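Engineer: This is data_17.pdb (PDB, N, CA and C atoms, pLDDT in the B column).
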ATOM      1  N   MET D  10      -9.686  36.513 107.795  1.00 62.00           N
ATOM      2  CA  MET D  10      -9.722  37.959 107.929  1.00 62.00           C
ATOM      3  C   MET D  10     -10.843  38.344 108.887  1.00 62.00           C
ATOM      4  N   LEU D  11     -10.592  39.328 109.719  1.00 63.00           N
ATOM      5  CA  LEU D  11     -11.588  39.780 110.675  1.00 63.00           C
ATOM      6  C   LEU D  11     -12.646  40.628 109.999  1.00 63.00           C
ATOM      7  N   GLU D  12     -13.862  40.480 110.456  1.00 72.00           N
ATOM      8  CA  GLU D  12     -14.953  41.296 109.945  1.00 72.00           C
ATOM      9  C   GLU D  12     -14.938  42.656 110.638  1.00 72.00           C
ATOM     10  N   GLU D  13     -15.176  43.710 109.861  1.00 76.00           N
ATOM     11  CA  GLU D  13     -15.185  45.055 110.432  1.00 76.00           C
ATOM     12  C   GLU D  13     -16.447  45.268 111.262  1.00 76.00           C
ATOM     13  N   GLU D  14     -16.304  46.052 112.319  1.00 81.00           N
ATOM     14  CA  GLU D  14     -17.431  46.359 113.191  1.00 81.00           C
ATOM     15  C   GLU D  14     -18.431  47.248 112.462  1.00 81.00           C
ATOM     16  N   SER D  15     -19.692  47.124 112.852  1.00 89.00           N
ATOM     17  CA  SER D  15     -20.717  48.016 112.319  1.00 89.00           C
ATOM     18  C   SER D  15     -20.520  49.401 112.936  1.00 89.00           C
ATOM     19  N   ASN D  16     -21.169  50.390 112.377  1.00 91.00           N
ATOM     20  CA  ASN D  16     -21.071  51.746 112.927  1.00 91.00           C
ATOM     21  C   ASN D  16     -21.595  51.802 114.351  1.00 91.00           C
ATOM     22  N   ASP D  17     -22.665  51.060 114.638  1.00 92.00           N
ATOM     23  CA  ASP D  17     -23.197  51.030 116.008  1.00 92.00           C
ATOM     24  C   ASP D  17     -22.179  50.419 116.972  1.00 92.00           C
ATOM     25  N   GLU D  18     -21.484  49.369 116.511  1.00 93.00           N
ATOM     26  CA  GLU D  18     -20.463  48.750 117.354  1.00 93.00           C
ATOM     27  C   GLU D  18     -19.291  49.709 117.577  1.00 93.00           C
ATOM     28  N   LYS D  19     -18.886  50.414 116.522  1.00 94.00           N
ATOM     29  CA  LYS D  19     -17.803  51.389 116.667  1.00 94.00           C
ATOM     30  C   LYS D  19     -18.187  52.480 117.664  1.00 94.00           C
ATOM     31  N   LEU D  20     -19.404  52.972 117.554  1.00 95.00           N
ATOM     32  CA  LEU D  20     -19.874  54.003 118.478  1.00 95.00           C
ATOM     33  C   LEU D  20     -19.831  53.496 119.912  1.00 95.00           C
ATOM     34  N   ASP D  21     -20.287  52.289 120.123  1.00 96.00           N
ATOM     35  CA  ASP D  21     -20.275  51.704 121.468  1.00 96.00           C
ATOM     36  C   ASP D  21     -18.845  51.549 121.992  1.00 96.00           C
ATOM     37  N   ILE D  22     -17.949  51.112 121.142  1.00 96.00           N
ATOM     38  CA  ILE D  22     -16.549  50.934 121.552  1.00 96.00           C
ATOM     39  C   ILE D  22     -15.918  52.273 121.902  1.00 96.00           C
ATOM     40  N   ILE D  23     -16.160  53.291 121.081  1.00 97.00           N
ATOM     41  CA  ILE D  23     -15.616  54.627 121.357  1.00 97.00           C
ATOM     42  C   ILE D  23     -16.108  55.127 122.708  1.00 97.00           C
ATOM     43  N   LYS D  24     -17.399  54.989 122.949  1.00 97.00           N
ATOM     44  CA  LYS D  24     -17.968  55.472 124.213  1.00 97.00           C
ATOM     45  C   LYS D  24     -17.398  54.706 125.398  1.00 97.00           C
ATOM     46  N   ARG D  25     -17.254  53.386 125.260  1.00 97.00           N
ATOM     47  CA  ARG D  25     -16.688  52.599 126.364  1.00 97.00           C
ATOM     48  C   ARG D  25     -15.225  52.955 126.600  1.00 97.00           C
ATOM     49  N   HIS D  26     -14.472  53.124 125.511  1.00 97.00           N
ATOM     50  CA  HIS D  26     -13.060  53.508 125.630  1.00 97.00           C
ATOM     51  C   HIS D  26     -12.939  54.846 126.354  1.00 97.00           C
ATOM     52  N   PHE D  27     -13.731  55.807 125.917  1.00 97.00           N
ATOM     53  CA  PHE D  27     -13.689  57.128 126.542  1.00 97.00           C
ATOM     54  C   PHE D  27     -14.097  57.061 128.011  1.00 97.00           C
ATOM     55  N   GLN D  28     -15.129  56.284 128.316  1.00 97.00           N
ATOM     56  CA  GLN D  28     -15.573  56.167 129.703  1.00 97.00           C
ATOM     57  C   GLN D  28     -14.482  55.547 130.581  1.00 97.00           C
ATOM     58  N   MET D  29     -13.769  54.569 130.041  1.00 98.00           N
ATOM     59  CA  MET D  29     -12.667  53.974 130.811  1.00 98.00           C
ATOM     60  C   MET D  29     -11.565  55.005 131.063  1.00 98.00           C
ATOM     61  N   LEU D  30     -11.273  55.821 130.049  1.00 98.00           N
ATOM     62  CA  LEU D  30     -10.289  56.887 130.243  1.00 98.00           C
ATOM     63  C   LEU D  30     -10.770  57.885 131.295  1.00 98.00           C
ATOM     64  N   LEU D  31     -12.051  58.239 131.234  1.00 98.00           N
ATOM     65  CA  LEU D  31     -12.615  59.156 132.239  1.00 98.00           C
ATOM     66  C   LEU D  31     -12.456  58.589 133.641  1.00 98.00           C
ATOM     67  N   ASP D  32     -12.814  57.319 133.800  1.00 98.00           N
ATOM     68  CA  ASP D  32     -12.751  56.670 135.110  1.00 98.00           C
ATOM     69  C   ASP D  32     -11.308  56.586 135.634  1.00 98.00           C
ATOM     70  N   GLU D  33     -10.388  56.325 134.723  1.00 98.00           N
ATOM     71  CA  GLU D  33      -9.001  56.114 135.113  1.00 98.00           C
ATOM     72  C   GLU D  33      -8.199  57.413 135.279  1.00 98.00           C
ATOM     73  N   LYS D  34      -8.446  58.390 134.391  1.00 98.00           N
ATOM     74  CA  LYS D  34      -7.553  59.546 134.334  1.00 98.00           C
ATOM     75  C   LYS D  34      -8.214  60.894 134.545  1.00 98.00           C
ATOM     76  N   GLY D  35      -9.539  60.911 134.616  1.00 98.00           N
ATOM     77  CA  GLY D  35     -10.236  62.185 134.778  1.00 98.00           C
ATOM     78  C   GLY D  35     -10.532  62.833 133.441  1.00 98.00           C
ATOM     79  N   GLU D  36     -11.416  63.811 133.474  1.00 97.00           N
ATOM     80  CA  GLU D  36     -11.926  64.421 132.248  1.00 97.00           C
ATOM     81  C   GLU D  36     -10.856  65.131 131.425  1.00 97.00           C
ATOM     82  N   TYR D  37     -10.058  65.952 132.048  1.00 97.00           N
ATOM     83  CA  TYR D  37      -9.067  66.738 131.307  1.00 97.00           C
ATOM     84  C   TYR D  37      -8.152  65.837 130.477  1.00 97.00           C
ATOM     85  N   THR D  38      -7.566  64.836 131.111  1.00 97.00           N
ATOM     86  CA  THR D  38      -6.642  63.932 130.433  1.00 97.00           C
ATOM     87  C   THR D  38      -7.365  63.017 129.460  1.00 97.00           C
ATOM     88  N   ALA D  39      -8.535  62.526 129.837  1.00 98.00           N
ATOM     89  CA  ALA D  39      -9.291  61.615 128.974  1.00 98.00           C
ATOM     90  C   ALA D  39      -9.645  62.266 127.649  1.00 98.00           C
ATOM     91  N   VAL D  40     -10.091  63.503 127.696  1.00 97.00           N
ATOM     92  CA  VAL D  40     -10.456  64.214 126.466  1.00 97.00           C
ATOM     93  C   VAL D  40      -9.245  64.316 125.553  1.00 97.00           C
ATOM     94  N   ARG D  41      -8.106  64.620 126.091  1.00 96.00           N
ATOM     95  CA  ARG D  41      -6.907  64.780 125.274  1.00 96.00           C
ATOM     96  C   ARG D  41      -6.372  63.441 124.762  1.00 96.00           C
ATOM     97  N   GLU D  42      -6.488  62.399 125.567  1.00 97.00           N
ATOM     98  CA  GLU D  42      -5.992  61.093 125.126  1.00 97.00           C
ATOM     99  C   GLU D  42      -6.884  60.451 124.069  1.00 97.00           C
ATOM    100  N   ILE D  43      -8.194  60.619 124.165  1.00 97.00           N
ATOM    101  CA  ILE D  43      -9.081  59.991 123.181  1.00 97.00           C
ATOM    102  C   ILE D  43      -8.849  60.595 121.801  1.00 97.00           C
ATOM    103  N   ARG D  44      -8.381  61.828 121.765  1.00 94.00           N
ATOM    104  CA  ARG D  44      -8.073  62.474 120.479  1.00 94.00           C
ATOM    105  C   ARG D  44      -7.046  61.659 119.697  1.00 94.00           C
ATOM    106  N   LYS D  45      -6.111  61.041 120.399  1.00 93.00           N
ATOM    107  CA  LYS D  45      -5.066  60.255 119.753  1.00 93.00           C
ATOM    108  C   LYS D  45      -5.618  58.979 119.122  1.00 93.00           C
ATOM    109  N   HIS D  46      -6.724  58.490 119.638  1.00 95.00           N
ATOM    110  CA  HIS D  46      -7.253  57.198 119.210  1.00 95.00           C
ATOM    111  C   HIS D  46      -8.415  57.303 118.225  1.00 95.00           C
ATOM    112  N   ILE D  47      -9.077  58.428 118.197  1.00 95.00           N
ATOM    113  CA  ILE D  47     -10.322  58.546 117.432  1.00 95.00           C
ATOM    114  C   ILE D  47     -10.122  58.262 115.947  1.00 95.00           C
ATOM    115  N   GLY D  48      -8.957  58.610 115.418  1.00 93.00           N
ATOM    116  CA  GLY D  48      -8.681  58.369 114.004  1.00 93.00           C
ATOM    117  C   GLY D  48      -8.742  56.902 113.616  1.00 93.00           C
ATOM    118  N   TRP D  49      -8.308  56.041 114.508  1.00 93.00           N
ATOM    119  CA  TRP D  49      -8.361  54.601 114.226  1.00 93.00           C
ATOM    120  C   TRP D  49      -9.809  54.122 114.120  1.00 93.00           C
ATOM    121  N   TYR D  50     -10.665  54.670 114.935  1.00 94.00           N
ATOM    122  CA  TYR D  50     -12.060  54.238 114.946  1.00 94.00           C
ATOM    123  C   TYR D  50     -12.831  54.669 113.697  1.00 94.00           C
ATOM    124  N   VAL D  51     -12.479  55.817 113.148  1.00 94.00           N
ATOM    125  CA  VAL D  51     -13.264  56.357 112.030  1.00 94.00           C
ATOM    126  C   VAL D  51     -12.519  56.288 110.696  1.00 94.00           C
ATOM    127  N   LYS D  52     -11.402  55.610 110.680  1.00 92.00           N
ATOM    128  CA  LYS D  52     -10.609  55.488 109.458  1.00 92.00           C
ATOM    129  C   LYS D  52     -11.482  54.990 108.308  1.00 92.00           C
ATOM    130  N   ASN D  53     -11.357  55.650 107.179  1.00 90.00           N
ATOM    131  CA  ASN D  53     -12.077  55.312 105.941  1.00 90.00           C
ATOM    132  C   ASN D  53     -13.585  55.555 106.001  1.00 90.00           C
ATOM    133  N   MET D  54     -14.059  56.236 107.012  1.00 93.00           N
ATOM    134  CA  MET D  54     -15.478  56.574 107.087  1.00 93.00           C
ATOM    135  C   MET D  54     -15.704  57.931 106.422  1.00 93.00           C
ATOM    136  N   PRO D  55     -16.897  58.159 105.861  1.00 93.00           N
ATOM    137  CA  PRO D  55     -17.181  59.456 105.239  1.00 93.00           C
ATOM    138  C   PRO D  55     -17.060  60.601 106.248  1.00 93.00           C
ATOM    139  N   ASN D  56     -16.457  61.684 105.820  1.00 94.00           N
ATOM    140  CA  ASN D  56     -16.300  62.906 106.630  1.00 94.00           C
ATOM    141  C   ASN D  56     -15.439  62.713 107.878  1.00 94.00           C
ATOM    142  N   ALA D  57     -14.607  61.680 107.883  1.00 95.00           N
ATOM    143  CA  ALA D  57     -13.770  61.401 109.054  1.00 95.00           C
ATOM    144  C   ALA D  57     -12.802  62.548 109.343  1.00 95.00           C
ATOM    145  N   SER D  58     -12.270  63.144 108.302  1.00 95.00           N
ATOM    146  CA  SER D  58     -11.283  64.209 108.491  1.00 95.00           C
ATOM    147  C   SER D  58     -11.876  65.413 109.236  1.00 95.00           C
ATOM    148  N   SER D  59     -13.041  65.866 108.798  1.00 95.00           N
ATOM    149  CA  SER D  59     -13.655  67.013 109.478  1.00 95.00           C
ATOM    150  C   SER D  59     -14.098  66.637 110.889  1.00 95.00           C
ATOM    151  N   PHE D  60     -14.527  65.398 111.075  1.00 96.00           N
ATOM    152  CA  PHE D  60     -14.909  64.932 112.407  1.00 96.00           C
ATOM    153  C   PHE D  60     -13.699  64.965 113.347  1.00 96.00           C
ATOM    154  N   LYS D  61     -12.552  64.472 112.872  1.00 96.00           N
ATOM    155  CA  LYS D  61     -11.355  64.471 113.707  1.00 96.00           C
ATOM    156  C   LYS D  61     -10.950  65.898 114.079  1.00 96.00           C
ATOM    157  N   CYS D  62     -11.104  66.819 113.155  1.00 96.00           N
ATOM    158  CA  CYS D  62     -10.797  68.225 113.462  1.00 96.00           C
ATOM    159  C   CYS D  62     -11.699  68.751 114.577  1.00 96.00           C
ATOM    160  N   ARG D  63     -12.987  68.409 114.514  1.00 96.00           N
ATOM    161  CA  ARG D  63     -13.913  68.863 115.561  1.00 96.00           C
ATOM    162  C   ARG D  63     -13.598  68.202 116.903  1.00 96.00           C
ATOM    163  N   ILE D  64     -13.271  66.920 116.872  1.00 96.00           N
ATOM    164  CA  ILE D  64     -12.923  66.207 118.111  1.00 96.00           C
ATOM    165  C   ILE D  64     -11.679  66.833 118.735  1.00 96.00           C
ATOM    166  N   ASN D  65     -10.731  67.219 117.910  1.00 96.00           N
ATOM    167  CA  ASN D  65      -9.496  67.808 118.429  1.00 96.00           C
ATOM    168  C   ASN D  65      -9.708  69.174 119.068  1.00 96.00           C
ATOM    169  N   GLN D  66     -10.881  69.743 118.886  1.00 96.00           N
ATOM    170  CA  GLN D  66     -11.199  71.028 119.511  1.00 96.00           C
ATOM    171  C   GLN D  66     -12.072  70.873 120.756  1.00 96.00           C
ATOM    172  N   THR D  67     -12.526  69.660 121.046  1.00 96.00           N
ATOM    173  CA  THR D  67     -13.364  69.472 122.225  1.00 96.00           C
ATOM    174  C   THR D  67     -12.542  69.673 123.487  1.00 96.00           C
ATOM    175  N   GLU D  68     -13.202  70.222 124.493  1.00 96.00           N
ATOM    176  CA  GLU D  68     -12.524  70.521 125.755  1.00 96.00           C
ATOM    177  C   GLU D  68     -13.107  69.777 126.946  1.00 96.00           C
ATOM    178  N   ASN D  69     -14.273  69.138 126.759  1.00 97.00           N
ATOM    179  CA  ASN D  69     -14.889  68.420 127.885  1.00 97.00           C
ATOM    180  C   ASN D  69     -15.705  67.239 127.370  1.00 97.00           C
ATOM    181  N   LYS D  70     -16.163  66.416 128.306  1.00 97.00           N
ATOM    182  CA  LYS D  70     -16.857  65.193 127.906  1.00 97.00           C
ATOM    183  C   LYS D  70     -18.182  65.472 127.217  1.00 97.00           C
ATOM    184  N   GLU D  71     -18.876  66.545 127.600  1.00 97.00           N
ATOM    185  CA  GLU D  71     -20.146  66.866 126.954  1.00 97.00           C
ATOM    186  C   GLU D  71     -19.945  67.183 125.474  1.00 97.00           C
ATOM    187  N   GLU D  72     -18.932  67.999 125.174  1.00 97.00           N
ATOM    188  CA  GLU D  72     -18.624  68.325 123.781  1.00 97.00           C
ATOM    189  C   GLU D  72     -18.227  67.065 123.014  1.00 97.00           C
ATOM    190  N   PHE D  73     -17.424  66.221 123.646  1.00 97.00           N
ATOM    191  CA  PHE D  73     -16.980  64.993 122.995  1.00 97.00           C
ATOM    192  C   PHE D  73     -18.168  64.114 122.623  1.00 97.00           C
ATOM    193  N   PHE D  74     -19.032  63.842 123.598  1.00 97.00           N
ATOM    194  CA  PHE D  74     -20.181  62.980 123.330  1.00 97.00           C
ATOM    195  C   PHE D  74     -21.119  63.595 122.296  1.00 97.00           C
ATOM    196  N   LYS D  75     -21.278  64.905 122.322  1.00 97.00           N
ATOM    197  CA  LYS D  75     -22.120  65.584 121.339  1.00 97.00           C
ATOM    198  C   LYS D  75     -21.568  65.366 119.935  1.00 97.00           C
ATOM    199  N   GLU D  76     -20.277  65.568 119.757  1.00 97.00           N
ATOM    200  CA  GLU D  76     -19.652  65.395 118.440  1.00 97.00           C
ATOM    201  C   GLU D  76     -19.717  63.943 117.965  1.00 97.00           C
ATOM    202  N   VAL D  77     -19.424  63.008 118.840  1.00 97.00           N
ATOM    203  CA  VAL D  77     -19.437  61.588 118.474  1.00 97.00           C
ATOM    204  C   VAL D  77     -20.854  61.151 118.088  1.00 97.00           C
ATOM    205  N   ASN D  78     -21.828  61.515 118.918  1.00 96.00           N
ATOM    206  CA  ASN D  78     -23.210  61.133 118.619  1.00 96.00           C
ATOM    207  C   ASN D  78     -23.683  61.746 117.306  1.00 96.00           C
ATOM    208  N   SER D  79     -23.346  62.997 117.072  1.00 96.00           N
ATOM    209  CA  SER D  79     -23.741  63.678 115.848  1.00 96.00           C
ATOM    210  C   SER D  79     -23.102  63.019 114.624  1.00 96.00           C
ATOM    211  N   PHE D  80     -21.825  62.724 114.705  1.00 96.00           N
ATOM    212  CA  PHE D  80     -21.118  62.095 113.593  1.00 96.00           C
ATOM    213  C   PHE D  80     -21.761  60.763 113.230  1.00 96.00           C
ATOM    214  N   PHE D  81     -21.973  59.898 114.216  1.00 95.00           N
ATOM    215  CA  PHE D  81     -22.513  58.578 113.924  1.00 95.00           C
ATOM    216  C   PHE D  81     -23.983  58.632 113.529  1.00 95.00           C
ATOM    217  N   LYS D  82     -24.718  59.600 114.027  1.00 93.00           N
ATOM    218  CA  LYS D  82     -26.111  59.774 113.607  1.00 93.00           C
ATOM    219  C   LYS D  82     -26.149  60.139 112.128  1.00 93.00           C
ATOM    220  N   ASN D  83     -25.277  61.058 111.717  1.00 90.00           N
ATOM    221  CA  ASN D  83     -25.237  61.480 110.318  1.00 90.00           C
ATOM    222  C   ASN D  83     -24.737  60.382 109.392  1.00 90.00           C
ATOM    223  N   ILE D  84     -23.857  59.522 109.880  1.00 84.00           N
ATOM    224  CA  ILE D  84     -23.363  58.397 109.080  1.00 84.00           C
ATOM    225  C   ILE D  84     -24.513  57.428 108.809  1.00 84.00           C
ATOM    226  N   SER D  85     -25.319  57.154 109.822  1.00 66.00           N
ATOM    227  CA  SER D  85     -26.405  56.190 109.647  1.00 66.00           C
ATOM    228  C   SER D  85     -27.519  56.737 108.758  1.00 66.00           C
ATOM    229  N   VAL D  86     -27.625  58.051 108.650  1.00 57.00           N
ATOM    230  CA  VAL D  86     -28.648  58.681 107.806  1.00 57.00           C
ATOM    231  C   VAL D  86     -28.217  58.630 106.331  1.00 57.00           C
ATOM    232  N   SER D  87     -26.916  58.731 106.095  1.00 52.00           N
ATOM    233  CA  SER D  87     -26.391  58.777 104.722  1.00 52.00           C
ATOM    234  C   SER D  87     -26.681  57.529 103.938  1.00 52.00           C
TER     235      SER D  87
END
Would you give me this structure, written as structure tokens?

Structural biologist:
Amino acid sequence: MLEEESNDEKLDIIKRHFQMLLDEKGEYTAVREIRKHIGWYVKNMPNASSFKCRINQTENKEEFFKEVNSFFKNISVS
């Protein structure tokens, strides 16, 4: 069985995934496409549902990174 990634590893993977989408498709499309994937990254994590709702309202990369950083910062504090 595979070992689950740490929260720091998940955060790094999310950021790299999003950056690749930005590089390949531009900000508008990348923001909308990462919304489809974010649920897989945070599945079974505390407050994942409210986080996904906030991510689904982001409109640009700054908002996205702010929400992701805030979510993972709060997870590590808990």

Engineer: List the residues selected by the PyMOL selection byres ((chain D and resi 44-52) around 8) in the file shown, writing them as a list of chain:residue names.

Structural biologist: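 Answer for the PyMOL selection byres ((chain D and resi 44-52) around 8): D:Lys19, D:Leu20, D:Ile23, D:Thr38, D:Ala39, D:Val40, D:Arg41, D:Glu42, D:Ile43, D:Asn53, D:Met54, D:Pro55, D:Asn56, D:Ala57, D:Ser58, D:Lys61, D:Ile64, D:Asn65, D:Gln66.
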
Engineer: If I take atom C of D:Glu33 and atom N of D:Glu13, how far is one from the other in Å, to one decimal?

Structural biologist: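 One can read the atom C of D:Glu33 to atom N of D:Glu13 distance as 29.7 Å.
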
Engineer: Pick out each residue of chain D that DSSP on the backbone tags as alpha helix (DSSP H); I need them as a PyMOL selection string.

Structural biologist: chain D and resi 16-34+36-51+57-64+70-86

Engineer: Take the PyMOL selection byres (((chain D and resi 17 and name CA) around 12) and name CA), apply it to the structure above, and return the hits as an NGL selection string.

Structural biologist: :D and (13-16 or 18-24 or 50-51 or 77-78 or 80-82 or 84-85)

Engineer: Could those residues be written to a file, using N, CA and C atoms, as a PDB file, in the coordinates of the input?

Structural biologist:
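Once written, out_39.pdb looks like this:
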ATOM      1  N   GLU D  13     -15.176  43.710 109.861  1.00 76.00           N
ATOM      2  CA  GLU D  13     -15.185  45.055 110.432  1.00 76.00           C
ATOM      3  C   GLU D  13     -16.447  45.268 111.262  1.00 76.00           C
ATOM      4  N   GLU D  14     -16.304  46.052 112.319  1.00 81.00           N
ATOM      5  CA  GLU D  14     -17.431  46.359 113.191  1.00 81.00           C
ATOM      6  C   GLU D  14     -18.431  47.248 112.462  1.00 81.00           C
ATOM      7  N   SER D  15     -19.692  47.124 112.852  1.00 89.00           N
ATOM      8  CA  SER D  15     -20.717  48.016 112.319  1.00 89.00           C
ATOM      9  C   SER D  15     -20.520  49.401 112.936  1.00 89.00           C
ATOM     10  N   ASN D  16     -21.169  50.390 112.377  1.00 91.00           N
ATOM     11  CA  ASN D  16     -21.071  51.746 112.927  1.00 91.00           C
ATOM     12  C   ASN D  16     -21.595  51.802 114.351  1.00 91.00           C
ATOM     13  N   GLU D  18     -21.484  49.369 116.511  1.00 93.00           N
ATOM     14  CA  GLU D  18     -20.463  48.750 117.354  1.00 93.00           C
ATOM     15  C   GLU D  18     -19.291  49.709 117.577  1.00 93.00           C
ATOM     16  N   LYS D  19     -18.886  50.414 116.522  1.00 94.00           N
ATOM     17  CA  LYS D  19     -17.803  51.389 116.667  1.00 94.00           C
ATOM     18  C   LYS D  19     -18.187  52.480 117.664  1.00 94.00           C
ATOM     19  N   LEU D  20     -19.404  52.972 117.554  1.00 95.00           N
ATOM     20  CA  LEU D  20     -19.874  54.003 118.478  1.00 95.00           C
ATOM     21  C   LEU D  20     -19.831  53.496 119.912  1.00 95.00           C
ATOM     22  N   ASP D  21     -20.287  52.289 120.123  1.00 96.00           N
ATOM     23  CA  ASP D  21     -20.275  51.704 121.468  1.00 96.00           C
ATOM     24  C   ASP D  21     -18.845  51.549 121.992  1.00 96.00           C
ATOM     25  N   ILE D  22     -17.949  51.112 121.142  1.00 96.00           N
ATOM     26  CA  ILE D  22     -16.549  50.934 121.552  1.00 96.00           C
ATOM     27  C   ILE D  22     -15.918  52.273 121.902  1.00 96.00           C
ATOM     28  N   ILE D  23     -16.160  53.291 121.081  1.00 97.00           N
ATOM     29  CA  ILE D  23     -15.616  54.627 121.357  1.00 97.00           C
ATOM     30  C   ILE D  23     -16.108  55.127 122.708  1.00 97.00           C
ATOM     31  N   LYS D  24     -17.399  54.989 122.949  1.00 97.00           N
ATOM     32  CA  LYS D  24     -17.968  55.472 124.213  1.00 97.00           C
ATOM     33  C   LYS D  24     -17.398  54.706 125.398  1.00 97.00           C
ATOM     34  N   TYR D  50     -10.665  54.670 114.935  1.00 94.00           N
ATOM     35  CA  TYR D  50     -12.060  54.238 114.946  1.00 94.00           C
ATOM     36  C   TYR D  50     -12.831  54.669 113.697  1.00 94.00           C
ATOM     37  N   VAL D  51     -12.479  55.817 113.148  1.00 94.00           N
ATOM     38  CA  VAL D  51     -13.264  56.357 112.030  1.00 94.00           C
ATOM     39  C   VAL D  51     -12.519  56.288 110.696  1.00 94.00           C
ATOM     40  N   VAL D  77     -19.424  63.008 118.840  1.00 97.00           N
ATOM     41  CA  VAL D  77     -19.437  61.588 118.474  1.00 97.00           C
ATOM     42  C   VAL D  77     -20.854  61.151 118.088  1.00 97.00           C
ATOM     43  N   ASN D  78     -21.828  61.515 118.918  1.00 96.00           N
ATOM     44  CA  ASN D  78     -23.210  61.133 118.619  1.00 96.00           C
ATOM     45  C   ASN D  78     -23.683  61.746 117.306  1.00 96.00           C
ATOM     46  N   PHE D  80     -21.825  62.724 114.705  1.00 96.00           N
ATOM     47  CA  PHE D  80     -21.118  62.095 113.593  1.00 96.00           C
ATOM     48  C   PHE D  80     -21.761  60.763 113.230  1.00 96.00           C
ATOM     49  N   PHE D  81     -21.973  59.898 114.216  1.00 95.00           N
ATOM     50  CA  PHE D  81     -22.513  58.578 113.924  1.00 95.00           C
ATOM     51  C   PHE D  81     -23.983  58.632 113.529  1.00 95.00           C
ATOM     52  N   LYS D  82     -24.718  59.600 114.027  1.00 93.00           N
ATOM     53  CA  LYS D  82     -26.111  59.774 113.607  1.00 93.00           C
ATOM     54  C   LYS D  82     -26.149  60.139 112.128  1.00 93.00           C
ATOM     55  N   ILE D  84     -23.857  59.522 109.880  1.00 84.00           N
ATOM     56  CA  ILE D  84     -23.363  58.397 109.080  1.00 84.00           C
ATOM     57  C   ILE D  84     -24.513  57.428 108.809  1.00 84.00           C
ATOM     58  N   SER D  85     -25.319  57.154 109.822  1.00 66.00           N
ATOM     59  CA  SER D  85     -26.405  56.190 109.647  1.00 66.00           C
ATOM     60  C   SER D  85     -27.519  56.737 108.758  1.00 66.00           C
TER      61      SER D  85
END

Engineer: The centre and edge lengths of an axis-aligned box containing all atoms of stretch 18-25 of chain D present in the file, extended by 5 Å on each side, are to be given in Å to one decimal, as AutoDock Vina command-line options.

Structural biologist:
--center_x -18.4 --center_y 52.1 --center_z 121.6 --size_x 16.3 --size_y 16.7 --size_z 20.1

Engineer: Between atom N of D:Arg63 and atom N of D:Lys34, what is the distance in Å, rounded to a tenth?

Structural biologist: 22.7 Å

Engineer: Interatomic distance between atom C of D:Gln28 and atom CA of D:Ser79?

Structural biologist: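 Here the two named atoms are 19.2 Å from each other.
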
Engineer: Return the single residue from D:Glu12, D:Asp32, D:Glu76, D:Glu71 that is closest to D:Ser59, with distances computed using only C-alpha atoms.

Structural biologist: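 The shortest atom-to-atom distance to D:Ser59 comes from D:Glu76.
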
Engineer: For the provided coordinates, the residues matched by the PyMOL selection byres (((chain D and resi 70 and name CA) around 9) and name CA) should be stated as a PyMOL selection string.

Structural biologist: chain D and resi 27+31+36-37+39-40+67-69+71-75
